[in-house]
>>> print(open('upload14.pdb').read())   # PDB, C-alpha atoms
ATOM      1  CA  MET A  11      23.631  -8.513 -12.015
ATOM      2  CA  GLY A  12      23.734  -4.742 -11.687
ATOM      3  CA  ASP A  13      21.093  -2.428 -10.295
ATOM      4  CA  LEU A  14      17.392  -3.354 -10.519
ATOM      5  CA  PRO A  15      17.936  -6.779 -12.158
ATOM      6  CA  SER A  16      14.201  -7.550 -12.517
ATOM      7  CA  TRP A  17      13.675  -4.440 -14.645
ATOM      8  CA  ASN A  18      14.060  -4.573 -18.391
ATOM      9  CA  GLU A  19      16.249  -1.918 -19.959
ATOM     10  CA  GLY A  20      14.056   0.999 -20.923
ATOM     11  CA  ARG A  21      12.831   4.469 -20.003
ATOM     12  CA  ALA A  22      11.364   3.532 -16.628
ATOM     13  CA  LYS A  23      14.460   1.776 -15.275
ATOM     14  CA  GLN A  24      16.756   4.438 -16.682
ATOM     15  CA  ALA A  25      14.678   7.213 -15.144
ATOM     16  CA  ILE A  26      15.008   5.654 -11.671
ATOM     17  CA  VAL A  27      18.777   5.192 -12.037
ATOM     18  CA  ASP A  28      19.278   8.685 -13.470
ATOM     19  CA  PHE A  29      17.302  10.349 -10.685
ATOM     20  CA  VAL A  30      19.114   8.498  -7.908
ATOM     21  CA  GLY A  31      22.460   9.261  -9.527
ATOM     22  CA  CYS A  32      21.523  12.909  -9.883
ATOM     23  CA  VAL A  33      20.560  13.488  -6.254
ATOM     24  CA  THR A  34      23.411  11.455  -4.748
ATOM     25  CA  THR A  35      26.271  12.903  -6.821
ATOM     26  CA  THR A  36      27.972  16.169  -5.906
ATOM     27  CA  GLY A  37      26.585  18.877  -8.138
ATOM     28  CA  PRO A  38      23.674  21.320  -8.503
ATOM     29  CA  ASP A  39      21.022  18.635  -7.922
ATOM     30  CA  TYR A  40      22.668  16.947  -4.953
ATOM     31  CA  VAL A  41      20.265  16.267  -2.072
ATOM     32  CA  SER A  42      21.521  15.725   1.459
ATOM     33  CA  GLU A  43      20.876  12.318   3.001
ATOM     34  CA  ASN A  44      18.391  13.587   5.566
ATOM     35  CA  GLU A  45      16.231  14.976   2.747
ATOM     36  CA  ARG A  46      16.195  11.780   0.691
ATOM     37  CA  VAL A  47      12.665  10.693   1.512
ATOM     38  CA  ALA A  48      10.770   8.294  -0.770
ATOM     39  CA  VAL A  49       7.108   7.362  -0.285
ATOM     40  CA  PHE A  50       5.344   4.300  -1.653
ATOM     41  CA  ASP A  51       1.699   3.428  -1.908
ATOM     42  CA  ASN A  52       1.140  -0.203  -0.905
ATOM     43  CA  ASP A  53      -1.913  -1.713  -2.654
ATOM     44  CA  GLY A  54      -1.141  -2.075  -6.346
ATOM     45  CA  THR A  55       2.295  -0.495  -5.974
ATOM     46  CA  LEU A  56       4.153  -2.884  -3.673
ATOM     47  CA  TRP A  57       1.759  -5.842  -3.773
ATOM     48  CA  CYS A  58      -1.267  -7.107  -5.688
ATOM     49  CA  GLU A  59      -4.602  -5.376  -5.065
ATOM     50  CA  MET A  60      -6.825  -7.420  -7.387
ATOM     51  CA  PRO A  61      -9.587  -8.540  -7.546
ATOM     52  CA  VAL A  62      -9.905  -6.579  -4.295
ATOM     53  CA  PRO A  63      -7.255  -5.259  -1.880
ATOM     54  CA  VAL A  64      -5.686  -7.851   0.407
ATOM     55  CA  GLN A  65      -7.215  -6.279   3.504
ATOM     56  CA  ALA A  66     -10.664  -6.839   1.994
ATOM     57  CA  PHE A  67      -9.902 -10.572   1.826
ATOM     58  CA  PHE A  68      -8.876 -10.426   5.478
ATOM     59  CA  ALA A  69     -12.106  -8.624   6.387
ATOM     60  CA  ASN A  70     -14.120 -11.243   4.494
ATOM     61  CA  ASP A  71     -12.486 -14.163   6.283
ATOM     62  CA  ARG A  72     -12.772 -12.383   9.603
ATOM     63  CA  LEU A  73     -16.468 -11.699   8.974
ATOM     64  CA  ARG A  74     -17.123 -15.383   8.317
ATOM     65  CA  ALA A  75     -15.316 -16.341  11.510
ATOM     66  CA  LEU A  76     -17.477 -13.927  13.515
ATOM     67  CA  ALA A  77     -20.775 -14.624  11.701
ATOM     68  CA  PRO A  78     -22.031 -17.387  14.048
ATOM     69  CA  LYS A  79     -22.191 -14.785  16.815
ATOM     70  CA  HIS A  80     -24.143 -12.358  14.603
ATOM     71  CA  PRO A  81     -27.172 -14.069  13.009
ATOM     72  CA  GLU A  82     -28.549 -10.642  12.078
ATOM     73  CA  TRP A  83     -25.832 -10.304   9.446
ATOM     74  CA  LYS A  84     -27.606 -12.865   7.244
ATOM     75  CA  THR A  85     -30.320 -10.319   6.455
ATOM     76  CA  THR A  86     -28.481  -7.014   6.946
ATOM     77  CA  GLU A  87     -26.434  -5.206   4.310
ATOM     78  CA  PRO A  88     -23.559  -4.944   3.640
ATOM     79  CA  PHE A  89     -22.939  -8.101   5.682
ATOM     80  CA  LYS A  90     -25.444 -10.161   3.678
ATOM     81  CA  SER A  91     -23.664  -9.517   0.380
ATOM     82  CA  GLN A  92     -20.257 -10.074   1.897
ATOM     83  CA  LEU A  93     -21.258 -13.423   3.380
ATOM     84  CA  ALA A  94     -22.729 -14.410   0.023
ATOM     85  CA  GLY A  95     -19.326 -13.860  -1.554
ATOM     86  CA  ASP A  96     -20.317 -10.756  -3.496
ATOM     87  CA  MET A  97     -17.141  -8.843  -2.660
ATOM     88  CA  LYS A  98     -17.281  -6.722  -5.790
ATOM     89  CA  GLY A  99     -20.827  -5.760  -4.911
ATOM     90  CA  VAL A 100     -19.712  -4.685  -1.481
ATOM     91  CA  MET A 101     -16.846  -2.633  -2.909
ATOM     92  CA  ALA A 102     -19.279  -0.928  -5.281
ATOM     93  CA  THR A 103     -21.569   0.226  -2.457
ATOM     94  CA  GLY A 104     -19.159   2.931  -1.397
ATOM     95  CA  LEU A 105     -16.972   3.873   1.512
ATOM     96  CA  LYS A 106     -19.776   3.948   4.071
ATOM     97  CA  ASP A 107     -20.545   0.238   3.755
ATOM     98  CA  ILE A 108     -16.875  -0.684   3.452
ATOM     99  CA  ALA A 109     -16.168   1.268   6.621
ATOM    100  CA  GLU A 110     -19.013  -0.555   8.388
ATOM    101  CA  LEU A 111     -17.532  -3.923   7.457
ATOM    102  CA  THR A 112     -14.109  -2.785   8.554
ATOM    103  CA  MET A 113     -15.359  -1.632  11.927
ATOM    104  CA  ALA A 114     -17.184  -4.936  12.484
ATOM    105  CA  THR A 115     -14.108  -7.022  11.693
ATOM    106  CA  HIS A 116     -11.218  -4.825  12.864
ATOM    107  CA  ALA A 117     -12.463  -3.414  16.181
ATOM    108  CA  GLY A 118     -13.458  -4.659  19.612
ATOM    109  CA  MET A 119     -10.069  -6.065  20.564
ATOM    110  CA  THR A 120      -6.748  -4.742  21.835
ATOM    111  CA  THR A 121      -4.046  -3.673  19.420
ATOM    112  CA  ASP A 122      -1.932  -6.669  20.476
ATOM    113  CA  GLU A 123      -4.831  -9.056  19.830
ATOM    114  CA  PHE A 124      -5.366  -7.532  16.400
ATOM    115  CA  VAL A 125      -1.707  -8.065  15.509
ATOM    116  CA  GLU A 126      -1.959 -11.754  16.380
ATOM    117  CA  ILE A 127      -5.188 -12.170  14.382
ATOM    118  CA  VAL A 128      -3.609 -10.592  11.295
ATOM    119  CA  ARG A 129      -0.352 -12.548  11.662
ATOM    120  CA  ASP A 130      -2.196 -15.865  11.980
ATOM    121  CA  TRP A 131      -4.299 -15.059   8.912
ATOM    122  CA  LEU A 132      -1.295 -14.084   6.802
ATOM    123  CA  PHE A 133       0.448 -17.300   7.787
ATOM    124  CA  SER A 134      -2.295 -19.484   6.300
ATOM    125  CA  ALA A 135      -4.319 -17.489   3.735
ATOM    126  CA  LYS A 136      -3.624 -17.554  -0.014
ATOM    127  CA  HIS A 137      -4.593 -15.385  -2.957
ATOM    128  CA  PRO A 138      -7.523 -17.064  -4.801
ATOM    129  CA  LYS A 139      -6.136 -16.611  -8.325
ATOM    130  CA  LEU A 140      -2.377 -16.543  -7.832
ATOM    131  CA  ASN A 141      -2.335 -19.353  -5.235
ATOM    132  CA  ARG A 142       0.429 -17.662  -3.284
ATOM    133  CA  ALA A 143       0.567 -16.418   0.280
ATOM    134  CA  TYR A 144      -0.442 -12.771   0.368
ATOM    135  CA  THR A 145       3.026 -11.805   1.553
ATOM    136  CA  SER A 146       4.319 -13.407  -1.648
ATOM    137  CA  VAL A 147       2.123 -11.400  -4.030
ATOM    138  CA  ILE A 148       4.587  -8.569  -3.612
ATOM    139  CA  TYR A 149       6.391  -7.155  -6.617
ATOM    140  CA  GLN A 150      10.011  -8.205  -7.002
ATOM    141  CA  PRO A 151      10.920  -5.140  -9.130
ATOM    142  CA  MET A 152       9.583  -2.825  -6.418
ATOM    143  CA  LEU A 153      11.472  -4.692  -3.697
ATOM    144  CA  GLU A 154      14.586  -3.940  -5.712
ATOM    145  CA  VAL A 155      13.676  -0.254  -5.909
ATOM    146  CA  LEU A 156      13.282  -0.131  -2.127
ATOM    147  CA  GLU A 157      16.667  -1.785  -1.604
ATOM    148  CA  TYR A 158      18.311   0.377  -4.276
ATOM    149  CA  LEU A 159      17.088   3.574  -2.656
ATOM    150  CA  ARG A 160      18.074   2.521   0.852
ATOM    151  CA  ALA A 161      21.562   1.659  -0.405
ATOM    152  CA  GLN A 162      21.778   5.319  -1.436
ATOM    153  CA  GLN A 163      20.698   6.518   2.019
ATOM    154  CA  PHE A 164      17.051   7.149   1.177
ATOM    155  CA  SER A 165      14.462   6.745   3.925
ATOM    156  CA  THR A 166      11.562   4.706   2.543
ATOM    157  CA  PHE A 167       8.009   5.142   3.819
ATOM    158  CA  ILE A 168       4.687   3.507   3.006
ATOM    159  CA  VAL A 169       1.785   5.955   2.643
ATOM    160  CA  SER A 170      -1.315   3.896   1.920
ATOM    161  CA  GLY A 171      -5.074   3.816   2.231
ATOM    162  CA  GLY A 172      -4.726   0.449   3.941
ATOM    163  CA  GLY A 173      -4.973   0.113   7.687
ATOM    164  CA  VAL A 174      -1.739   1.179   9.336
ATOM    165  CA  GLU A 175      -1.852  -1.526  12.010
ATOM    166  CA  PHE A 176      -2.634  -4.179   9.386
ATOM    167  CA  MET A 177       0.428  -3.201   7.318
ATOM    168  CA  ARG A 178       2.725  -2.933  10.330
ATOM    169  CA  VAL A 179       2.297  -6.653  10.980
ATOM    170  CA  PHE A 180       4.236  -7.667   7.859
ATOM    171  CA  ALA A 181       5.904  -4.635   6.279
ATOM    172  CA  GLU A 182       9.230  -4.861   8.094
ATOM    173  CA  ASP A 183       9.660  -8.573   7.351
ATOM    174  CA  VAL A 184       8.466  -8.290   3.764
ATOM    175  CA  TYR A 185       9.584  -4.822   2.593
ATOM    176  CA  GLY A 186      12.237  -3.889   5.137
ATOM    177  CA  ILE A 187      10.166  -0.877   6.202
ATOM    178  CA  PRO A 188       9.818  -0.560   9.998
ATOM    179  CA  PRO A 189       6.493   0.238  11.701
ATOM    180  CA  GLN A 190       7.394   3.870  12.434
ATOM    181  CA  GLN A 191       7.797   4.484   8.690
ATOM    182  CA  ILE A 192       4.302   3.324   7.761
ATOM    183  CA  VAL A 193       1.455   5.795   7.351
ATOM    184  CA  GLY A 194      -2.062   4.529   6.700
ATOM    185  CA  SER A 195      -5.710   4.702   7.610
ATOM    186  CA  THR A 196      -6.502   4.472  11.303
ATOM    187  CA  ILE A 197      -9.430   3.660  13.531
ATOM    188  CA  LYS A 198      -9.906   5.235  16.935
ATOM    189  CA  THR A 199      -8.370   3.602  19.981
ATOM    190  CA  HIS A 200      -8.531   4.228  23.699
ATOM    191  CA  PHE A 201      -6.376   3.353  26.703
ATOM    192  CA  GLU A 202      -7.513   0.928  29.385
ATOM    193  CA  PHE A 203      -5.884  -0.571  32.461
ATOM    194  CA  ASP A 204      -7.139  -4.142  32.273
ATOM    195  CA  ASP A 205      -6.317  -6.756  34.897
ATOM    196  CA  GLY A 206      -3.222  -4.874  35.953
ATOM    197  CA  LYS A 207      -1.961  -4.302  32.393
ATOM    198  CA  PRO A 208      -2.165  -1.206  30.176
ATOM    199  CA  VAL A 209      -3.800  -1.913  26.788
ATOM    200  CA  LEU A 210      -5.041   0.005  23.770
ATOM    201  CA  VAL A 211      -8.503  -1.020  22.571
ATOM    202  CA  ARG A 212      -9.606  -0.585  18.955
ATOM    203  CA  ASP A 213     -12.933   1.245  18.732
ATOM    204  CA  PRO A 214     -15.546   0.851  15.946
ATOM    205  CA  ALA A 215     -14.985   4.348  14.565
ATOM    206  CA  LEU A 216     -12.830   5.636  11.713
ATOM    207  CA  ASP A 217     -10.117   8.055  12.761
ATOM    208  CA  PHE A 218      -8.461   8.949   9.427
ATOM    209  CA  PHE A 219      -8.762   7.673   5.848
ATOM    210  CA  ASP A 220      -5.370   7.958   4.170
ATOM    211  CA  ASP A 221      -6.242   8.240   0.496
ATOM    212  CA  LYS A 222      -6.187  10.858  -2.261
ATOM    213  CA  ALA A 223      -5.887  14.345  -0.720
ATOM    214  CA  GLY A 224      -5.449  12.729   2.681
ATOM    215  CA  LYS A 225      -2.026  11.407   1.707
ATOM    216  CA  PRO A 226      -0.168  14.750   1.530
ATOM    217  CA  VAL A 227      -1.879  15.744   4.789
ATOM    218  CA  ALA A 228      -0.660  12.534   6.426
ATOM    219  CA  ILE A 229       2.866  12.983   5.029
ATOM    220  CA  ASN A 230       3.041  16.460   6.521
ATOM    221  CA  LYS A 231       1.617  15.270   9.840
ATOM    222  CA  TYR A 232       3.539  12.048  10.360
ATOM    223  CA  ILE A 233       6.701  12.334   8.278
ATOM    224  CA  GLY A 234       7.270  16.070   8.510
ATOM    225  CA  ARG A 235       9.349  16.314   5.373
ATOM    226  CA  ARG A 236       8.271  16.612   1.762
ATOM    227  CA  PRO A 237       9.360  13.521  -0.209
ATOM    228  CA  ILE A 238      11.590  13.835  -3.246
ATOM    229  CA  ALA A 239      10.421  10.507  -4.710
ATOM    230  CA  CYS A 240       6.911   9.050  -4.904
ATOM    231  CA  PHE A 241       5.710   5.697  -6.247
ATOM    232  CA  GLY A 242       2.017   4.943  -6.817
ATOM    233  CA  ASN A 243      -0.334   3.154  -9.180
ATOM    234  CA  SER A 244      -3.735   4.813  -9.115
ATOM    235  CA  ASP A 245      -5.619   8.083  -8.919
ATOM    236  CA  GLY A 246      -5.672   7.531  -5.174
ATOM    237  CA  ASP A 247      -1.968   8.452  -5.298
ATOM    238  CA  ARG A 248      -2.432  11.486  -7.544
ATOM    239  CA  GLU A 249      -2.307  14.144  -4.821
ATOM    240  CA  MET A 250       0.729  12.471  -3.230
ATOM    241  CA  LEU A 251       2.497  12.538  -6.594
ATOM    242  CA  MET A 252       1.580  16.202  -7.001
ATOM    243  CA  TRP A 253       2.790  17.063  -3.504
ATOM    244  CA  THR A 254       6.109  15.383  -4.250
ATOM    245  CA  THR A 255       6.810  16.753  -7.714
ATOM    246  CA  LEU A 256       5.002  20.052  -8.303
ATOM    247  CA  GLY A 257       5.631  23.597  -7.079
ATOM    248  CA  ARG A 258       8.321  22.791  -4.565
ATOM    249  CA  PRO A 259       9.433  25.933  -2.708
ATOM    250  CA  ASP A 260      12.717  24.247  -1.749
ATOM    251  CA  GLY A 261      13.659  23.746  -5.393
ATOM    252  CA  LEU A 262      14.803  20.164  -4.801
ATOM    253  CA  PRO A 263      14.699  17.724  -7.722
ATOM    254  CA  SER A 264      11.864  15.208  -7.534
ATOM    255  CA  PHE A 265      10.624  11.999  -9.101
ATOM    256  CA  GLY A 266       7.233  10.372  -9.592
ATOM    257  CA  LEU A 267       6.485   6.888 -10.920
ATOM    258  CA  ILE A 268       3.191   5.123 -11.606
ATOM    259  CA  VAL A 269       3.013   1.324 -11.831
ATOM    260  CA  HIS A 270       0.736   0.657 -14.807
ATOM    261  CA  HIS A 271      -0.955  -2.733 -14.592
ATOM    262  CA  THR A 272      -0.849  -4.061 -18.138
ATOM    263  CA  ASP A 273      -0.069  -7.745 -17.590
ATOM    264  CA  ALA A 274      -3.212  -9.885 -17.490
ATOM    265  CA  GLU A 275      -1.191 -13.093 -17.858
ATOM    266  CA  ARG A 276       1.250 -12.714 -14.972
ATOM    267  CA  GLU A 277      -0.943 -10.506 -12.768
ATOM    268  CA  PHE A 278      -3.925  -8.309 -13.775
ATOM    269  CA  ALA A 279      -4.561  -5.663 -16.430
ATOM    270  CA  TYR A 280      -6.583  -2.596 -15.405
ATOM    271  CA  ASP A 281      -6.581   1.186 -15.455
ATOM    272  CA  ARG A 282      -9.431   3.503 -16.505
ATOM    273  CA  GLN A 283     -12.277   1.006 -16.532
ATOM    274  CA  HIS A 284     -11.638  -0.446 -13.097
ATOM    275  CA  VAL A 285     -13.613   1.618 -10.604
ATOM    276  CA  LEU A 286     -13.724  -0.551  -7.459
ATOM    277  CA  SER A 287     -10.114   0.035  -6.450
ATOM    278  CA  GLY A 288      -6.901   0.954  -8.187
ATOM    279  CA  GLN A 289      -8.480   3.038 -10.956
ATOM    280  CA  LEU A 290      -5.895   4.889 -13.029
ATOM    281  CA  ASP A 291      -7.618   7.497 -15.159
ATOM    282  CA  LYS A 292      -6.456  11.043 -14.430
ATOM    283  CA  GLY A 293      -2.953   9.808 -13.775
ATOM    284  CA  LEU A 294      -2.702   8.350 -17.273
ATOM    285  CA  ASP A 295      -3.645  11.711 -18.742
ATOM    286  CA  GLU A 296      -1.389  13.726 -16.444
ATOM    287  CA  ALA A 297       1.753  11.576 -16.393
ATOM    288  CA  GLU A 298       3.352  13.164 -19.440
ATOM    289  CA  LYS A 299       2.242  16.664 -18.426
ATOM    290  CA  TYR A 300       3.794  16.410 -14.974
ATOM    291  CA  GLY A 301       6.782  14.273 -15.901
ATOM    292  CA  TRP A 302       5.678  11.177 -14.019
ATOM    293  CA  VAL A 303       7.167   7.917 -15.296
ATOM    294  CA  LEU A 304       4.736   5.181 -16.351
ATOM    295  CA  ALA A 305       6.208   1.769 -15.554
ATOM    296  CA  ASP A 306       4.505  -0.716 -17.863
ATOM    297  CA  MET A 307       4.332  -3.986 -15.935
ATOM    298  CA  LYS A 308       4.239  -6.143 -19.069
ATOM    299  CA  LYS A 309       7.094  -4.378 -20.843
ATOM    300  CA  ASP A 310       9.286  -3.109 -18.016
ATOM    301  CA  TRP A 311       9.306  -6.022 -15.566
ATOM    302  CA  LYS A 312      11.191  -9.239 -16.301
ATOM    303  CA  THR A 313       9.376 -10.916 -13.434
ATOM    304  CA  VAL A 314       6.480  -9.844 -11.234
ATOM    305  CA  PHE A 315       6.669 -11.862  -8.019
ATOM    306  CA  PRO A 316       9.662 -13.135  -6.034
ATOM    307  CA  ALA A 317      10.827 -16.689  -6.621
ATOM    308  CA  THR A 318      11.316 -17.152  -2.868
ATOM    309  CA  ALA A 319       8.283 -16.677  -0.651
ATOM    310  CA  LYS A 320       8.252 -13.788   1.806
ATOM    311  CA  THR A 321       6.506 -14.286   5.142
ATOM    312  CA  ALA A 322       5.427 -12.278   8.139
ATOM    313  CA  ASN A 323       7.355 -13.883  10.958
ATOM    314  CA  GLN A 324       5.251 -15.439  13.675
ATOM    315  CA  SER A 325       6.144 -14.657  17.243
TER     316      SER A 325
END
>>> encode(input="upload14.pdb", output="structure tokens")
Amino acid sequence: MGDLPSWNEGRAKQAIVDFVGCVTTTGPDYVSENERVAVFDNDGTLWCEMPVPVQAFFANDRLRALAPKHPEWKTTEPFKSQLAGDMKGVMATGLKDIAELTMATHAGMTTDEFVEIVRDWLFSAKHPKLNRAYTSVIYQPMLEVLEYLRAQQFSTFIVSGGGVEFMRVFAEDVYGIPPQQIVGSTIKTHFEFDDGKPVLVRDPALDFFDDKAGKPVAINKYIGRRPIACFGNSDGDREMLMWTTLGRPDGLPSFGLIVHHTDAEREFAYDRQHVLSGQLDKGLDEAEKYGWVLADMKKDWKTVFPATAKTANQS
């Protein structure tokens, strides 16, 4: 079937193959294996983020499960809107209200308890439009890119605005990316010795939001090596793409790709006009200027989702 079988022949596929060939073949652009670092955004790049990111669906379901213990939420925003099903309205209120919902639904338990809650939810929940498990709304062409790069001794990392502990539940089973290679947003935790056992407890306070300019900061802090390849889909990935491809003092070749959501029939179509999440505005204007490849989902992908369902294994 050859390399990247779910990609149609065209500029995007050829650009990926050419770059990998360039940096893995002896010559002036050869890059040593330990420097072959590729970073991937998650929401909208590796899996579907519409009509809201997957973690927002989790927060909504979690909020409803907890609501009987919090009658005050029926009259208090942003909980009132969320319980009424106005998820777009909640997303439009800004990061402060989204953070408040996240803290209410993601904190107050140990890290181990949170893992089990997320795993149980992923095992049963389905996407409302696509009617697939959330771990099956991943993009088959991007799974092939991950495998293709790893076959050429690239280290693949996720660098996402999503919660790092949320993604670590499923990313190894679904993407083949282990927990230590996932960078994301974090909430504060503290250590306790509870009933003779050491635990980490998740606190209702944001520690770090891994989006936009935060992504290069997080790459430097947690990965410690500048990537040579970056894959994103929105203006939230713009600074990460810049950090990967522009003004490199080491002179290494680099590659940037933006997944452009153009397929309303098989998935969703959105870019400039979508402002709740996944907006691609500046990136569309800058792609040609900076040499970033635009992968047109409708034209470049033979298929969008895998034929065989992926799952997060239950323990």
>>> residues_near_point(input="upload14.pdb", point="(-21.4, 4.2, 12.7)", cutoff="10 Å", atoms="all atoms listed in the file", output="list in words")
Lys106, Asp107, Ala109, Glu110, Met113, Pro214, Ala215 and Leu216 of chain A
>>> write_last_selection(input="upload14.pdb", atoms="C-alpha atoms", output="CSV table (one decimal), in the frame of the given file")
chain,number,residue,atom,x,y,z
A,106,LYS,CA,-19.8,3.9,4.1
A,107,ASP,CA,-20.5,0.2,3.8
A,109,ALA,CA,-16.2,1.3,6.6
A,110,GLU,CA,-19.0,-0.6,8.4
A,113,MET,CA,-15.4,-1.6,11.9
A,214,PRO,CA,-15.5,0.9,15.9
A,215,ALA,CA,-15.0,4.3,14.6
A,216,LEU,CA,-12.8,5.6,11.7
>>> resolve_selection(input="upload14.pdb", expression="the PyMOL selection byres ((chain A and resi 232-239) around 9)", output="ChimeraX atom specification")
/A:45-50,167,191,193,226-231,240-241,251,253-255,258,262-267
>>> closest_residue(input="upload14.pdb", among="A:Ser170, A:Ser244, A:Thr199, A:Thr112", to="Asp71 of chain A", atoms="only C-alpha atoms")
A:Thr112
>>> closest_residue(input="upload14.pdb", among="A:Glu277, A:Asp291, A:Asp204, A:Asp53", to="Gly173 of chain A", atoms="all atoms listed in the file")
A:Asp53
>>> residues_near_point(input="upload14.pdb", point="(3.4, -8.1, 6.5)", cutoff="10 Å", atoms="all atoms listed in the file", output="VMD selection string")
chain A and resid 128 to 129 132 to 133 144 to 146 176 to 187 320 to 323
>>> closest_residue(input="upload14.pdb", among="A:Asp306, A:Glu43, A:Asp213, A:Asp28", to="Ser165 of chain A", atoms="only C-alpha atoms")
A:Glu43
>>> closest_residue(input="upload14.pdb", among="A:Phe201, A:Trp302, A:Phe218, A:Phe315", to="Met250 of chain A", atoms="all atoms listed in the file")
A:Trp302
>>> atom_distance(input="upload14.pdb", atom1="atom CA of Ala274 of chain A", atom2="atom CA of Gly301 of chain A")
26.2 Å
>>> closest_residue(input="upload14.pdb", among="A:Lys308, A:Asp245, A:Lys225, A:Asp260", to="Thr272 of chain A", atoms="all atoms listed in the file")
A:Lys308
>>> residues_around(input="upload14.pdb", residues="Lys139 of chain A", least_positions_apart="4", cutoff="12 Å", atoms="all atoms listed in the file", output="PyMOL selection string")
chain A and resi 58-62+143-144+147+274-278
>>> resolve_selection(input="upload14.pdb", expression="the PyMOL selection byres ((chain A and resi 219) around 7)", output="list in words")
Gly171, Ser195, Thr196, Phe218, Asp220, Asp221 and Gly224 of chain A
>>> atom_distance(input="upload14.pdb", atom1="atom CA of Leu56 of chain A", atom2="atom CA of Asp217 of chain A")
24.4 Å
>>> atom_distance(input="upload14.pdb", atom1="atom CA of Tyr149 of chain A", atom2="atom CA of Trp311 of chain A")
9.5 Å
>>> axis_aligned_box(input="upload14.pdb", around="segment 174-183 of chain A", padding_each_side="5 Å", output="lines of an AutoDock Vina configuration file")
center_x = 3.5
center_y = -3.7
center_z = 9.1
size_x = 22.3
size_y = 19.8
size_z = 15.7
>>> closest_residue(input="upload14.pdb", among="A:Leu210, A:Tyr158, A:Ala77, A:Gly288", to="Phe29 of chain A", atoms="all atoms listed in the file")
A:Tyr158
>>> resolve_selection(input="upload14.pdb", expression="the PyMOL selection byres ((chain A and resi 270) around 10)", output="CSV table (one decimal) with C-alpha atoms, in the frame of the given file")
chain,number,residue,atom,x,y,z
A,54,GLY,CA,-1.1,-2.1,-6.3
A,55,THR,CA,2.3,-0.5,-6.0
A,242,GLY,CA,2.0,4.9,-6.8
A,243,ASN,CA,-0.3,3.2,-9.2
A,244,SER,CA,-3.7,4.8,-9.1
A,267,LEU,CA,6.5,6.9,-10.9
A,268,ILE,CA,3.2,5.1,-11.6
A,269,VAL,CA,3.0,1.3,-11.8
A,271,HIS,CA,-1.0,-2.7,-14.6
A,272,THR,CA,-0.8,-4.1,-18.1
A,273,ASP,CA,-0.1,-7.7,-17.6
A,279,ALA,CA,-4.6,-5.7,-16.4
A,280,TYR,CA,-6.6,-2.6,-15.4
A,281,ASP,CA,-6.6,1.2,-15.5
A,290,LEU,CA,-5.9,4.9,-13.0
A,293,GLY,CA,-3.0,9.8,-13.8
A,294,LEU,CA,-2.7,8.4,-17.3
A,303,VAL,CA,7.2,7.9,-15.3
A,304,LEU,CA,4.7,5.2,-16.4
A,305,ALA,CA,6.2,1.8,-15.6
A,306,ASP,CA,4.5,-0.7,-17.9
A,307,MET,CA,4.3,-4.0,-15.9
A,308,LYS,CA,4.2,-6.1,-19.1
A,310,ASP,CA,9.3,-3.1,-18.0
>>> closest_atom_pairs(input="upload14.pdb", of="segment 185-219 of chain A", to="segment 120-127 of chain A", cutoff="8 Å", atoms="only C-alpha atoms", output="CSV")
residue,atom,partner,partner_atom,distance
A:Val209,CA,A:Thr120,CA,6.4
A:Leu210,CA,A:Thr120,CA,5.4
A:Val211,CA,A:Thr120,CA,4.2
A:Arg212,CA,A:Thr120,CA,5.8
>>> residues_around(input="upload14.pdb", residues="Ala223 of chain A", least_positions_apart="6", cutoff="10 Å", atoms="only C-alpha atoms", output="PyMOL selection string")
chain A and resi 246-250+252-253
>>> decode(input="upload14.pdb", residues="segment 243-252 of chain A", atoms="N, CA and C atoms", output="PDB file, in the first residue's frame")
ATOM      1  N   ASN A 243      -3.741  22.729  13.723  1.00  0.00           N
ATOM      2  CA  ASN A 243      -4.926  22.974  12.900  1.00  0.00           C
ATOM      3  C   ASN A 243      -5.538  24.342  13.126  1.00  0.00           C
ATOM      4  N   SER A 244      -5.040  25.090  14.096  1.00  0.00           N
ATOM      5  CA  SER A 244      -5.706  26.350  14.424  1.00  0.00           C
ATOM      6  C   SER A 244      -4.690  27.414  14.808  1.00  0.00           C
ATOM      7  N   ASP A 245      -5.196  28.618  15.037  1.00  0.00           N
ATOM      8  CA  ASP A 245      -4.319  29.700  15.487  1.00  0.00           C
ATOM      9  C   ASP A 245      -3.783  29.454  16.893  1.00  0.00           C
ATOM     10  N   GLY A 246      -4.387  28.520  17.613  1.00  0.00           N
ATOM     11  CA  GLY A 246      -3.832  28.128  18.896  1.00  0.00           C
ATOM     12  C   GLY A 246      -2.498  27.415  18.764  1.00  0.00           C
ATOM     13  N   ASP A 247      -2.192  26.943  17.546  1.00  0.00           N
ATOM     14  CA  ASP A 247      -0.930  26.250  17.272  1.00  0.00           C
ATOM     15  C   ASP A 247       0.081  27.157  16.566  1.00  0.00           C
ATOM     16  N   ARG A 248      -0.299  28.387  16.331  1.00  0.00           N
ATOM     17  CA  ARG A 248       0.524  29.295  15.518  1.00  0.00           C
ATOM     18  C   ARG A 248       1.912  29.502  16.108  1.00  0.00           C
ATOM     19  N   GLU A 249       1.990  29.784  17.409  1.00  0.00           N
ATOM     20  CA  GLU A 249       3.294  30.036  18.024  1.00  0.00           C
ATOM     21  C   GLU A 249       4.156  28.775  18.047  1.00  0.00           C
ATOM     22  N   MET A 250       3.514  27.611  18.197  1.00  0.00           N
ATOM     23  CA  MET A 250       4.257  26.349  18.156  1.00  0.00           C
ATOM     24  C   MET A 250       4.823  26.107  16.756  1.00  0.00           C
ATOM     25  N   LEU A 251       4.039  26.421  15.734  1.00  0.00           N
ATOM     26  CA  LEU A 251       4.534  26.311  14.366  1.00  0.00           C
ATOM     27  C   LEU A 251       5.692  27.272  14.130  1.00  0.00           C
ATOM     28  N   MET A 252       5.565  28.491  14.630  1.00  0.00           N
ATOM     29  CA  MET A 252       6.653  29.462  14.490  1.00  0.00           C
ATOM     30  C   MET A 252       7.926  28.981  15.185  1.00  0.00           C
TER      31      MET A 252
END
